[in-house]
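For reference, upload_12.cif is printed below; it contains mmCIF, N, CA and C atoms.
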data_work
#
loop_
_atom_site.label_atom_id
_atom_site.label_comp_id
_atom_site.auth_asym_id
_atom_site.auth_seq_id
_atom_site.Cartn_x
_atom_site.Cartn_y
_atom_site.Cartn_z
N HIS Z 1 -89.48 5.49 -50.13
CA HIS Z 1 -89.29 5.81 -51.53
C HIS Z 1 -87.81 5.96 -51.81
N GLU Z 2 -87.21 4.87 -52.17
CA GLU Z 2 -85.76 4.81 -52.40
C GLU Z 2 -85.47 4.76 -53.89
N LEU Z 3 -84.47 5.52 -54.31
CA LEU Z 3 -83.99 5.49 -55.69
C LEU Z 3 -82.48 5.30 -55.64
N LEU Z 4 -81.94 4.62 -56.64
CA LEU Z 4 -80.51 4.38 -56.68
C LEU Z 4 -79.96 4.81 -58.03
N LEU Z 5 -78.83 5.51 -58.01
CA LEU Z 5 -78.15 5.91 -59.23
C LEU Z 5 -76.67 5.67 -59.06
N GLN Z 6 -76.12 4.77 -59.88
CA GLN Z 6 -74.68 4.56 -59.86
C GLN Z 6 -74.12 5.12 -61.15
N ILE Z 7 -73.22 6.10 -60.99
CA ILE Z 7 -72.59 6.76 -62.14
C ILE Z 7 -71.20 6.16 -62.31
N PHE Z 8 -70.92 5.69 -63.53
CA PHE Z 8 -69.64 5.05 -63.83
C PHE Z 8 -69.00 5.75 -65.01
N LYS Z 9 -67.79 6.26 -64.80
CA LYS Z 9 -67.04 6.95 -65.84
C LYS Z 9 -65.85 6.10 -66.24
N SER Z 10 -65.74 5.81 -67.54
CA SER Z 10 -64.60 5.06 -68.05
C SER Z 10 -64.20 5.69 -69.38
N GLY Z 11 -63.04 6.32 -69.41
CA GLY Z 11 -62.62 7.03 -70.62
C GLY Z 11 -63.60 8.14 -70.92
N SER Z 12 -64.14 8.16 -72.13
CA SER Z 12 -65.12 9.20 -72.48
C SER Z 12 -66.55 8.72 -72.27
N SER Z 13 -66.72 7.47 -71.82
CA SER Z 13 -68.06 6.92 -71.60
C SER Z 13 -68.57 7.22 -70.19
N LEU Z 14 -69.84 7.54 -70.10
CA LEU Z 14 -70.50 7.76 -68.81
C LEU Z 14 -71.77 6.91 -68.80
N LEU Z 15 -71.87 6.03 -67.81
CA LEU Z 15 -73.06 5.20 -67.67
C LEU Z 15 -73.71 5.46 -66.33
N ALA Z 16 -75.02 5.37 -66.30
CA ALA Z 16 -75.78 5.50 -65.06
C ALA Z 16 -76.65 4.27 -64.94
N ASN Z 17 -76.41 3.48 -63.90
CA ASN Z 17 -77.10 2.20 -63.73
C ASN Z 17 -76.93 1.33 -64.97
N GLY Z 18 -75.76 1.45 -65.63
CA GLY Z 18 -75.45 0.64 -66.80
C GLY Z 18 -76.00 1.19 -68.11
N ASN Z 19 -76.68 2.32 -68.08
CA ASN Z 19 -77.29 2.91 -69.27
C ASN Z 19 -76.75 4.31 -69.52
N SER Z 20 -76.80 4.74 -70.77
CA SER Z 20 -76.51 6.15 -71.02
C SER Z 20 -77.84 6.90 -70.86
N ASN Z 21 -77.81 7.96 -70.11
CA ASN Z 21 -78.99 8.76 -69.76
C ASN Z 21 -80.12 7.92 -69.18
N GLU Z 22 -79.87 7.37 -67.99
CA GLU Z 22 -80.87 6.58 -67.24
C GLU Z 22 -82.11 7.42 -66.96
N LYS Z 23 -83.28 6.83 -67.06
CA LYS Z 23 -84.55 7.50 -66.75
C LYS Z 23 -85.01 7.08 -65.36
N ILE Z 24 -85.34 8.07 -64.53
CA ILE Z 24 -85.83 7.82 -63.18
C ILE Z 24 -87.19 8.50 -63.05
N GLU Z 25 -88.24 7.72 -62.80
CA GLU Z 25 -89.59 8.30 -62.67
C GLU Z 25 -89.91 8.58 -61.21
N VAL Z 26 -90.47 9.76 -60.96
CA VAL Z 26 -90.93 10.14 -59.63
C VAL Z 26 -92.32 10.76 -59.75
N ALA Z 27 -93.06 10.75 -58.65
CA ALA Z 27 -94.38 11.37 -58.61
C ALA Z 27 -94.25 12.81 -58.12
N VAL Z 28 -95.12 13.67 -58.62
CA VAL Z 28 -95.16 15.07 -58.20
C VAL Z 28 -95.36 15.15 -56.69
N ASN Z 29 -94.59 16.03 -56.04
CA ASN Z 29 -94.73 16.36 -54.61
C ASN Z 29 -94.53 15.19 -53.66
N LYS Z 30 -93.80 14.18 -54.06
CA LYS Z 30 -93.51 13.06 -53.17
C LYS Z 30 -92.02 13.07 -52.88
N TRP Z 31 -91.64 12.91 -51.62
CA TRP Z 31 -90.24 12.88 -51.23
C TRP Z 31 -89.63 11.52 -51.54
N TYR Z 32 -88.41 11.55 -52.05
CA TYR Z 32 -87.64 10.34 -52.34
C TYR Z 32 -86.24 10.51 -51.76
N ARG Z 33 -85.63 9.38 -51.41
CA ARG Z 33 -84.20 9.41 -51.09
C ARG Z 33 -83.48 8.83 -52.30
N LEU Z 34 -82.65 9.66 -52.91
CA LEU Z 34 -81.85 9.26 -54.06
C LEU Z 34 -80.44 8.98 -53.59
N ARG Z 35 -80.02 7.72 -53.68
CA ARG Z 35 -78.67 7.32 -53.29
C ARG Z 35 -77.82 7.30 -54.56
N VAL Z 36 -76.77 8.09 -54.55
CA VAL Z 36 -75.90 8.21 -55.71
C VAL Z 36 -74.50 7.72 -55.34
N SER Z 37 -73.97 6.82 -56.16
CA SER Z 37 -72.57 6.43 -56.00
C SER Z 37 -71.86 6.79 -57.30
N ALA Z 38 -70.66 7.32 -57.14
CA ALA Z 38 -69.85 7.73 -58.30
C ALA Z 38 -68.61 6.85 -58.36
N VAL Z 39 -68.37 6.30 -59.53
CA VAL Z 39 -67.21 5.42 -59.73
C VAL Z 39 -66.44 5.93 -60.94
N ALA Z 40 -65.21 6.37 -60.70
CA ALA Z 40 -64.33 6.82 -61.78
C ALA Z 40 -62.91 6.42 -61.41
N PRO Z 41 -62.17 5.85 -62.34
CA PRO Z 41 -60.83 5.33 -62.03
C PRO Z 41 -59.89 6.34 -61.37
N LYS Z 42 -59.93 7.59 -61.77
CA LYS Z 42 -59.01 8.59 -61.20
C LYS Z 42 -59.58 9.27 -59.95
N ALA Z 43 -60.84 9.05 -59.66
CA ALA Z 43 -61.51 9.56 -58.45
C ALA Z 43 -61.37 11.07 -58.28
N LYS Z 44 -61.30 11.81 -59.37
CA LYS Z 44 -61.20 13.26 -59.28
C LYS Z 44 -62.54 13.87 -58.88
N PRO Z 45 -62.50 14.97 -58.12
CA PRO Z 45 -63.76 15.63 -57.75
C PRO Z 45 -64.50 16.16 -58.98
N LYS Z 46 -65.78 16.00 -58.96
CA LYS Z 46 -66.67 16.52 -60.01
C LYS Z 46 -67.91 17.08 -59.34
N THR Z 47 -68.64 17.86 -60.09
CA THR Z 47 -69.90 18.40 -59.60
C THR Z 47 -71.03 17.53 -60.11
N ILE Z 48 -71.91 17.13 -59.19
CA ILE Z 48 -73.16 16.51 -59.60
C ILE Z 48 -74.20 17.63 -59.50
N SER Z 49 -74.92 17.85 -60.61
CA SER Z 49 -75.89 18.95 -60.62
C SER Z 49 -77.24 18.46 -61.11
N PHE Z 50 -78.26 19.16 -60.65
CA PHE Z 50 -79.65 18.86 -60.99
C PHE Z 50 -80.16 20.07 -61.76
N ASP Z 51 -80.31 19.93 -63.08
CA ASP Z 51 -80.63 21.06 -63.95
C ASP Z 51 -82.04 20.96 -64.50
N GLY Z 52 -82.75 22.09 -64.45
CA GLY Z 52 -84.11 22.16 -64.98
C GLY Z 52 -85.10 21.57 -63.99
N GLY Z 53 -86.36 21.64 -64.35
CA GLY Z 53 -87.39 21.07 -63.49
C GLY Z 53 -87.66 21.93 -62.26
N SER Z 54 -88.43 21.37 -61.34
CA SER Z 54 -88.89 22.12 -60.17
C SER Z 54 -88.57 21.36 -58.88
N CYS Z 55 -87.39 20.75 -58.83
CA CYS Z 55 -87.07 19.88 -57.70
C CYS Z 55 -86.41 20.64 -56.56
N THR Z 56 -86.81 20.28 -55.34
CA THR Z 56 -86.14 20.72 -54.12
C THR Z 56 -85.21 19.59 -53.73
N ILE Z 57 -83.94 19.91 -53.46
CA ILE Z 57 -82.95 18.87 -53.21
C ILE Z 57 -82.14 19.24 -51.97
N TYR Z 58 -81.96 18.26 -51.09
CA TYR Z 58 -81.13 18.40 -49.90
C TYR Z 58 -80.13 17.25 -49.87
N LYS Z 59 -78.88 17.54 -49.62
CA LYS Z 59 -77.89 16.48 -49.41
C LYS Z 59 -78.02 16.05 -47.96
N ILE Z 60 -78.36 14.78 -47.73
CA ILE Z 60 -78.65 14.33 -46.37
C ILE Z 60 -77.60 13.38 -45.81
N ALA Z 61 -76.71 12.85 -46.67
CA ALA Z 61 -75.67 11.93 -46.18
C ALA Z 61 -74.51 11.91 -47.16
N SER Z 62 -73.33 11.64 -46.63
CA SER Z 62 -72.12 11.47 -47.44
C SER Z 62 -71.48 10.14 -47.07
N ASP Z 63 -71.18 9.34 -48.08
CA ASP Z 63 -70.56 8.02 -47.88
C ASP Z 63 -71.29 7.20 -46.83
N GLY Z 64 -72.62 7.30 -46.80
CA GLY Z 64 -73.43 6.49 -45.90
C GLY Z 64 -73.60 7.06 -44.50
N VAL Z 65 -72.95 8.19 -44.20
CA VAL Z 65 -73.06 8.81 -42.88
C VAL Z 65 -73.99 10.01 -42.99
N TRP Z 66 -75.08 9.96 -42.23
CA TRP Z 66 -76.05 11.05 -42.27
C TRP Z 66 -75.41 12.34 -41.77
N ASN Z 67 -75.82 13.47 -42.35
CA ASN Z 67 -75.38 14.78 -41.85
C ASN Z 67 -75.89 14.94 -40.43
N SER Z 68 -75.08 15.53 -39.57
CA SER Z 68 -75.47 15.67 -38.17
C SER Z 68 -76.47 16.80 -37.98
N ALA Z 69 -76.57 17.69 -38.92
CA ALA Z 69 -77.51 18.81 -38.83
C ALA Z 69 -78.89 18.37 -39.32
N ASN Z 70 -79.87 19.25 -39.18
CA ASN Z 70 -81.22 19.03 -39.66
C ASN Z 70 -81.19 18.56 -41.12
N LEU Z 71 -82.10 17.68 -41.50
CA LEU Z 71 -82.12 17.14 -42.86
C LEU Z 71 -82.20 18.21 -43.94
N THR Z 72 -82.77 19.37 -43.63
CA THR Z 72 -82.92 20.42 -44.63
C THR Z 72 -81.80 21.46 -44.57
N SER Z 73 -80.69 21.14 -43.92
CA SER Z 73 -79.60 22.09 -43.74
C SER Z 73 -78.71 22.26 -44.97
N TYR Z 74 -78.74 21.33 -45.90
CA TYR Z 74 -77.84 21.37 -47.05
C TYR Z 74 -78.62 21.38 -48.37
N PRO Z 75 -79.32 22.51 -48.67
CA PRO Z 75 -80.06 22.57 -49.93
C PRO Z 75 -79.11 22.93 -51.08
N GLY Z 76 -79.55 22.67 -52.28
CA GLY Z 76 -78.77 23.09 -53.44
C GLY Z 76 -79.16 22.36 -54.69
N LEU Z 77 -78.55 22.78 -55.80
CA LEU Z 77 -78.75 22.12 -57.08
C LEU Z 77 -77.46 21.54 -57.63
N SER Z 78 -76.33 21.81 -56.94
CA SER Z 78 -75.06 21.19 -57.34
C SER Z 78 -74.22 20.92 -56.10
N PHE Z 79 -73.49 19.80 -56.16
CA PHE Z 79 -72.72 19.33 -55.02
C PHE Z 79 -71.44 18.69 -55.53
N GLU Z 80 -70.35 18.84 -54.79
CA GLU Z 80 -69.07 18.23 -55.16
C GLU Z 80 -69.01 16.79 -54.65
N LEU Z 81 -68.57 15.88 -55.52
CA LEU Z 81 -68.34 14.49 -55.15
C LEU Z 81 -67.05 14.05 -55.83
N THR Z 82 -66.37 13.11 -55.24
CA THR Z 82 -65.24 12.50 -55.94
C THR Z 82 -65.74 11.29 -56.70
N GLY Z 83 -64.90 10.77 -57.57
CA GLY Z 83 -65.27 9.60 -58.35
C GLY Z 83 -65.17 8.31 -57.56
N ALA Z 84 -65.12 8.41 -56.26
CA ALA Z 84 -65.07 7.23 -55.39
C ALA Z 84 -65.87 7.50 -54.13
N SER Z 85 -67.07 8.05 -54.31
CA SER Z 85 -67.86 8.42 -53.13
C SER Z 85 -69.33 8.14 -53.36
N ARG Z 86 -70.09 8.37 -52.29
CA ARG Z 86 -71.52 8.17 -52.32
C ARG Z 86 -72.19 9.34 -51.61
N ALA Z 87 -73.35 9.71 -52.07
CA ALA Z 87 -74.12 10.76 -51.41
C ALA Z 87 -75.59 10.39 -51.49
N ASP Z 88 -76.33 10.76 -50.44
CA ASP Z 88 -77.78 10.56 -50.41
C ASP Z 88 -78.44 11.93 -50.46
N PHE Z 89 -79.47 12.03 -51.28
CA PHE Z 89 -80.20 13.28 -51.45
C PHE Z 89 -81.68 13.06 -51.17
N ALA Z 90 -82.30 14.01 -50.49
CA ALA Z 90 -83.76 14.05 -50.38
C ALA Z 90 -84.22 14.91 -51.55
N ILE Z 91 -85.19 14.41 -52.30
CA ILE Z 91 -85.62 15.12 -53.51
C ILE Z 91 -87.13 15.07 -53.64
N LYS Z 92 -87.70 16.22 -53.99
CA LYS Z 92 -89.14 16.33 -54.25
C LYS Z 92 -89.32 17.32 -55.38
N CYS Z 93 -90.07 16.94 -56.41
CA CYS Z 93 -90.30 17.80 -57.56
C CYS Z 93 -91.74 18.28 -57.55
N ALA Z 94 -91.93 19.58 -57.71
CA ALA Z 94 -93.25 20.20 -57.52
C ALA Z 94 -94.16 20.13 -58.73
N THR Z 95 -93.60 20.02 -59.92
CA THR Z 95 -94.43 20.01 -61.13
C THR Z 95 -93.97 18.92 -62.09
N VAL Z 96 -94.86 18.55 -63.00
CA VAL Z 96 -94.53 17.59 -64.05
C VAL Z 96 -93.43 18.18 -64.93
N GLY Z 97 -92.45 17.37 -65.28
CA GLY Z 97 -91.36 17.84 -66.15
C GLY Z 97 -90.13 16.99 -65.96
N ASN Z 98 -89.02 17.45 -66.52
CA ASN Z 98 -87.77 16.70 -66.48
C ASN Z 98 -86.67 17.50 -65.81
N THR Z 99 -85.81 16.80 -65.08
CA THR Z 99 -84.63 17.37 -64.44
C THR Z 99 -83.44 16.51 -64.84
N SER Z 100 -82.41 17.14 -65.40
CA SER Z 100 -81.20 16.41 -65.78
C SER Z 100 -80.27 16.30 -64.58
N ILE Z 101 -79.70 15.12 -64.40
CA ILE Z 101 -78.66 14.92 -63.39
C ILE Z 101 -77.35 14.83 -64.17
N LYS Z 102 -76.47 15.79 -63.92
CA LYS Z 102 -75.20 15.85 -64.66
C LYS Z 102 -74.03 15.52 -63.75
N TRP Z 103 -73.09 14.77 -64.30
CA TRP Z 103 -71.82 14.48 -63.64
C TRP Z 103 -70.79 15.27 -64.44
N GLY Z 104 -70.28 16.33 -63.83
CA GLY Z 104 -69.48 17.28 -64.61
C GLY Z 104 -70.43 17.97 -65.57
N LYS Z 105 -70.12 17.92 -66.85
CA LYS Z 105 -70.98 18.57 -67.85
C LYS Z 105 -71.80 17.57 -68.65
N ILE Z 106 -71.70 16.29 -68.30
CA ILE Z 106 -72.38 15.24 -69.08
C ILE Z 106 -73.64 14.77 -68.34
N THR Z 107 -74.74 14.67 -69.05
CA THR Z 107 -75.98 14.17 -68.46
C THR Z 107 -75.86 12.67 -68.19
N ALA Z 108 -76.03 12.31 -66.93
CA ALA Z 108 -75.96 10.91 -66.51
C ALA Z 108 -77.36 10.29 -66.47
N ALA Z 109 -78.35 11.09 -66.06
CA ALA Z 109 -79.71 10.57 -65.89
C ALA Z 109 -80.71 11.71 -66.01
N THR Z 110 -81.95 11.34 -66.21
CA THR Z 110 -83.04 12.31 -66.26
C THR Z 110 -84.13 11.87 -65.29
N ILE Z 111 -84.50 12.79 -64.41
CA ILE Z 111 -85.64 12.54 -63.53
C ILE Z 111 -86.89 13.00 -64.27
N GLU Z 112 -87.82 12.06 -64.48
CA GLU Z 112 -89.08 12.36 -65.14
C GLU Z 112 -90.16 12.43 -64.08
N THR Z 113 -90.66 13.64 -63.82
CA THR Z 113 -91.69 13.84 -62.80
C THR Z 113 -93.05 13.70 -63.45
N LYS Z 114 -93.87 12.82 -62.87
CA LYS Z 114 -95.19 12.53 -63.44
C LYS Z 114 -96.26 12.73 -62.37
N ASN Z 115 -97.47 12.96 -62.82
CA ASN Z 115 -98.60 13.15 -61.91
C ASN Z 115 -99.40 11.86 -61.87
N TYR Z 116 -99.20 11.10 -60.81
CA TYR Z 116 -99.89 9.81 -60.65
C TYR Z 116 -101.10 9.99 -59.75
N THR Z 117 -102.11 9.15 -59.95
CA THR Z 117 -103.24 9.11 -59.02
C THR Z 117 -103.30 7.72 -58.42
N ILE Z 118 -103.84 7.65 -57.21
CA ILE Z 118 -103.99 6.37 -56.53
C ILE Z 118 -105.20 5.69 -57.14
N LEU Z 119 -104.99 4.51 -57.72
CA LEU Z 119 -106.02 3.80 -58.46
C LEU Z 119 -107.30 3.64 -57.65
N GLY Z 120 -108.41 4.03 -58.23
CA GLY Z 120 -109.71 3.82 -57.62
C GLY Z 120 -110.14 4.90 -56.63
N THR Z 121 -109.26 5.87 -56.32
CA THR Z 121 -109.63 6.89 -55.33
C THR Z 121 -109.82 8.27 -55.94
N GLY Z 122 -109.20 8.50 -57.10
CA GLY Z 122 -109.26 9.84 -57.70
C GLY Z 122 -108.33 10.82 -57.00
N GLN Z 123 -107.64 10.37 -55.94
CA GLN Z 123 -106.73 11.25 -55.22
C GLN Z 123 -105.33 11.13 -55.80
N SER Z 124 -104.62 12.25 -55.75
CA SER Z 124 -103.24 12.19 -56.22
C SER Z 124 -102.37 11.56 -55.15
N SER Z 125 -101.23 11.07 -55.56
CA SER Z 125 -100.30 10.43 -54.63
C SER Z 125 -99.32 11.45 -54.08
N THR Z 126 -99.80 12.66 -53.82
CA THR Z 126 -98.92 13.74 -53.38
C THR Z 126 -99.15 14.07 -51.92
N GLY Z 127 -98.34 15.01 -51.41
CA GLY Z 127 -98.57 15.53 -50.08
C GLY Z 127 -97.65 15.01 -49.02
N ASN Z 128 -96.68 14.19 -49.34
CA ASN Z 128 -95.76 13.71 -48.31
C ASN Z 128 -94.90 14.84 -47.80
N ASP Z 129 -94.59 14.80 -46.53
CA ASP Z 129 -93.80 15.82 -45.87
C ASP Z 129 -92.36 15.37 -45.74
N VAL Z 130 -91.41 16.32 -45.66
CA VAL Z 130 -90.00 15.96 -45.50
C VAL Z 130 -89.78 15.12 -44.25
N ALA Z 131 -90.65 15.26 -43.26
CA ALA Z 131 -90.54 14.47 -42.04
C ALA Z 131 -90.70 12.97 -42.32
N ASP Z 132 -91.36 12.63 -43.44
CA ASP Z 132 -91.53 11.22 -43.80
C ASP Z 132 -90.22 10.54 -44.15
N LEU Z 133 -89.17 11.32 -44.38
CA LEU Z 133 -87.86 10.73 -44.65
C LEU Z 133 -87.26 10.13 -43.39
N GLY Z 134 -87.81 10.48 -42.25
CA GLY Z 134 -87.31 9.95 -40.98
C GLY Z 134 -86.19 10.82 -40.45
N GLU Z 135 -85.69 10.43 -39.31
CA GLU Z 135 -84.59 11.15 -38.69
C GLU Z 135 -83.29 10.45 -38.99
N ALA Z 136 -82.22 11.19 -38.87
CA ALA Z 136 -80.91 10.58 -39.04
C ALA Z 136 -80.72 9.56 -37.92
N PRO Z 137 -80.13 8.41 -38.24
CA PRO Z 137 -79.88 7.43 -37.20
C PRO Z 137 -78.93 8.00 -36.14
N ARG Z 138 -79.05 7.53 -34.91
CA ARG Z 138 -78.16 7.99 -33.86
C ARG Z 138 -76.74 7.54 -34.16
N ARG Z 139 -75.80 8.45 -33.98
CA ARG Z 139 -74.40 8.12 -34.21
C ARG Z 139 -73.82 7.39 -33.02
N PRO Z 140 -72.98 6.41 -33.28
CA PRO Z 140 -72.30 5.75 -32.16
C PRO Z 140 -71.40 6.75 -31.43
N ASN Z 141 -71.20 6.55 -30.14
CA ASN Z 141 -70.37 7.46 -29.36
C ASN Z 141 -68.95 7.55 -29.89
N SER Z 142 -68.50 6.52 -30.61
CA SER Z 142 -67.14 6.52 -31.12
C SER Z 142 -66.94 7.50 -32.27
N LEU Z 143 -68.02 8.03 -32.83
CA LEU Z 143 -67.87 8.98 -33.94
C LEU Z 143 -67.92 10.39 -33.42
#
Using the file provided, produce a representation of the structure as structure tokens.
Amino acid sequence: HELLLQIFKSGSSLLANGNSNEKIEVAVNKWYRLRVSAVAPKAKPKTISFDGGSCTIYKIASDGVWNSANLTSYPGLSFELTGASRADFAIKCATVGNTSIKWGKITAATIETKNYTILGTGQSSTGNDVADLGEAPRRPNSL
């Protein structure tokens, strides 16, 4: 379950995946990896924050390099990024609703959490465990 969000800042304009306030749909209680890249000409540090909703969020990688600690070691709702970086987040939202993703104080995207059922079974598509995200890849000895 991969999601991608590219945030682009140019002057006073902020675009996410080429749109203002990009919509990202997720299912209740399902883990996703959200890959975020930030692009801003001055590359100044900004806070990316996840406001509202019922999401559990862990930062699991920076600039494509997995954190060496356990995947659940870096929880939070806001994280510092520069305008020339990438971060991967594990995200799971517990209830139906919306979560704003802000770059600085501006909303870049909205996560819309929905309750889906698996067609023909009557069962919800929930229940995935954080272990389903897999383990961090082994680091080369040179790192």
Axis-aligned box for stretch 31-34 of chain Z, 4 Å per side, centre and edges in Å as lines of an AutoDock Vina configuration file:
center_x = -86.0
center_y = 10.9
center_z = -52.6
size_x = 19.2
size_y = 12.1
size_z = 11.0
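Atom CA of Z:Tyr32 is found 21.6 Å from atom N of Z:Thr82.
Nearest residue to Z:Leu81 among Z:Ala94, Z:Ala43, Z:Thr107, Z:Thr99 is Z:Ala43, counting all atoms listed in the file.
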Apply the PyMOL selection byres ((chain Z and resi 55-69) around 5) to the file shown and report the selected residues as an NGL selection string.
:Z and (53-54 or 70-71 or 74-76 or 86-94)
Once you have the residues from the selection above, write them out as a short mmCIF file (atom, residue, chain, number, x, y, z; two decimals), in the coordinates of the input, restricted to N, CA and C atoms.
data_model
loop_
_atom_site.label_atom_id
_atom_site.label_comp_id
_atom_site.auth_asym_id
_atom_site.auth_seq_id
_atom_site.Cartn_x
_atom_site.Cartn_y
_atom_site.Cartn_z
N GLY Z 53 -86.36 21.64 -64.35
CA GLY Z 53 -87.39 21.07 -63.49
C GLY Z 53 -87.66 21.93 -62.26
N SER Z 54 -88.43 21.37 -61.34
CA SER Z 54 -88.89 22.12 -60.17
C SER Z 54 -88.57 21.36 -58.88
N ASN Z 70 -79.87 19.25 -39.18
CA ASN Z 70 -81.22 19.03 -39.66
C ASN Z 70 -81.19 18.56 -41.12
N LEU Z 71 -82.10 17.68 -41.50
CA LEU Z 71 -82.12 17.14 -42.86
C LEU Z 71 -82.20 18.21 -43.94
N TYR Z 74 -78.74 21.33 -45.90
CA TYR Z 74 -77.84 21.37 -47.05
C TYR Z 74 -78.62 21.38 -48.37
N PRO Z 75 -79.32 22.51 -48.67
CA PRO Z 75 -80.06 22.57 -49.93
C PRO Z 75 -79.11 22.93 -51.08
N GLY Z 76 -79.55 22.67 -52.28
CA GLY Z 76 -78.77 23.09 -53.44
C GLY Z 76 -79.16 22.36 -54.69
N ARG Z 86 -70.09 8.37 -52.29
CA ARG Z 86 -71.52 8.17 -52.32
C ARG Z 86 -72.19 9.34 -51.61
N ALA Z 87 -73.35 9.71 -52.07
CA ALA Z 87 -74.12 10.76 -51.41
C ALA Z 87 -75.59 10.39 -51.49
N ASP Z 88 -76.33 10.76 -50.44
CA ASP Z 88 -77.78 10.56 -50.41
C ASP Z 88 -78.44 11.93 -50.46
N PHE Z 89 -79.47 12.03 -51.28
CA PHE Z 89 -80.20 13.28 -51.45
C PHE Z 89 -81.68 13.06 -51.17
N ALA Z 90 -82.30 14.01 -50.49
CA ALA Z 90 -83.76 14.05 -50.38
C ALA Z 90 -84.22 14.91 -51.55
N ILE Z 91 -85.19 14.41 -52.30
CA ILE Z 91 -85.62 15.12 -53.51
C ILE Z 91 -87.13 15.07 -53.64
N LYS Z 92 -87.70 16.22 -53.99
CA LYS Z 92 -89.14 16.33 -54.25
C LYS Z 92 -89.32 17.32 -55.38
N CYS Z 93 -90.07 16.94 -56.41
CA CYS Z 93 -90.30 17.80 -57.56
C CYS Z 93 -91.74 18.28 -57.55
N ALA Z 94 -91.93 19.58 -57.71
CA ALA Z 94 -93.25 20.20 -57.52
C ALA Z 94 -94.16 20.13 -58.73
#
Taken to one decimal, the atom CA of Z:Ile7-atom CA of Z:Ala40 distance is 8.3 Å
Nearest candidate to Z:Ile111 (options Z:Ser37, Z:Asn19, Z:Ile24, Z:Leu3; using only N, CA and C atoms):
Z:Ile24
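Atom C of Z:Ser49 is positioned 18.5 Å from atom CA of Z:Val28.
Distances to Z:Ala108 were evaluated for Z:Ala84, Z:Val39, Z:Leu34, Z:Ile48 using only C-alpha atoms, and the minimum falls at Z:Ile48.
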Any chance you could work out the residue set of the PyMOL selection byres ((chain Z and resi 21) around 5) here, as a list in words?
Asn19, Ser20, Glu22, Lys23, Ala108, Ala109 and Thr110 of chain Z
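Of the listed residues (Z:Val36, Z:Ile101, Z:Leu77, Z:Ile106), Z:Val36 comes nearest to Z:Leu4; the distances count only C-alpha atoms.
With all atoms listed in the file as the basis for measurement, Z:Ser78 is the residue among Z:Asn17, Z:Ser10, Z:Ser78, Z:Thr95 that approaches Z:Phe50 most closely.
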I need the strand (DSSP E) residues of stretch 16-88 of chain Z per DSSP on the backbone, written as a PyMOL selection string.
chain Z and resi 16+22-27+32-39+46-51+55-62+65-66+78-81+84-88
For each of Z:Gly83, Z:Val96, Z:Arg35, Z:Pro45, take the minimum atom-to-atom distance to Z:Leu5, counting all atoms listed in the file, then give the residue where this is smallest.
Z:Arg35
Please evaluate the PyMOL selection byres ((chain Z and resi 113) around 5) against the structure above and give the resulting residues as a PyMOL selection string.
chain Z and resi 26+96-98+111-112+114-115
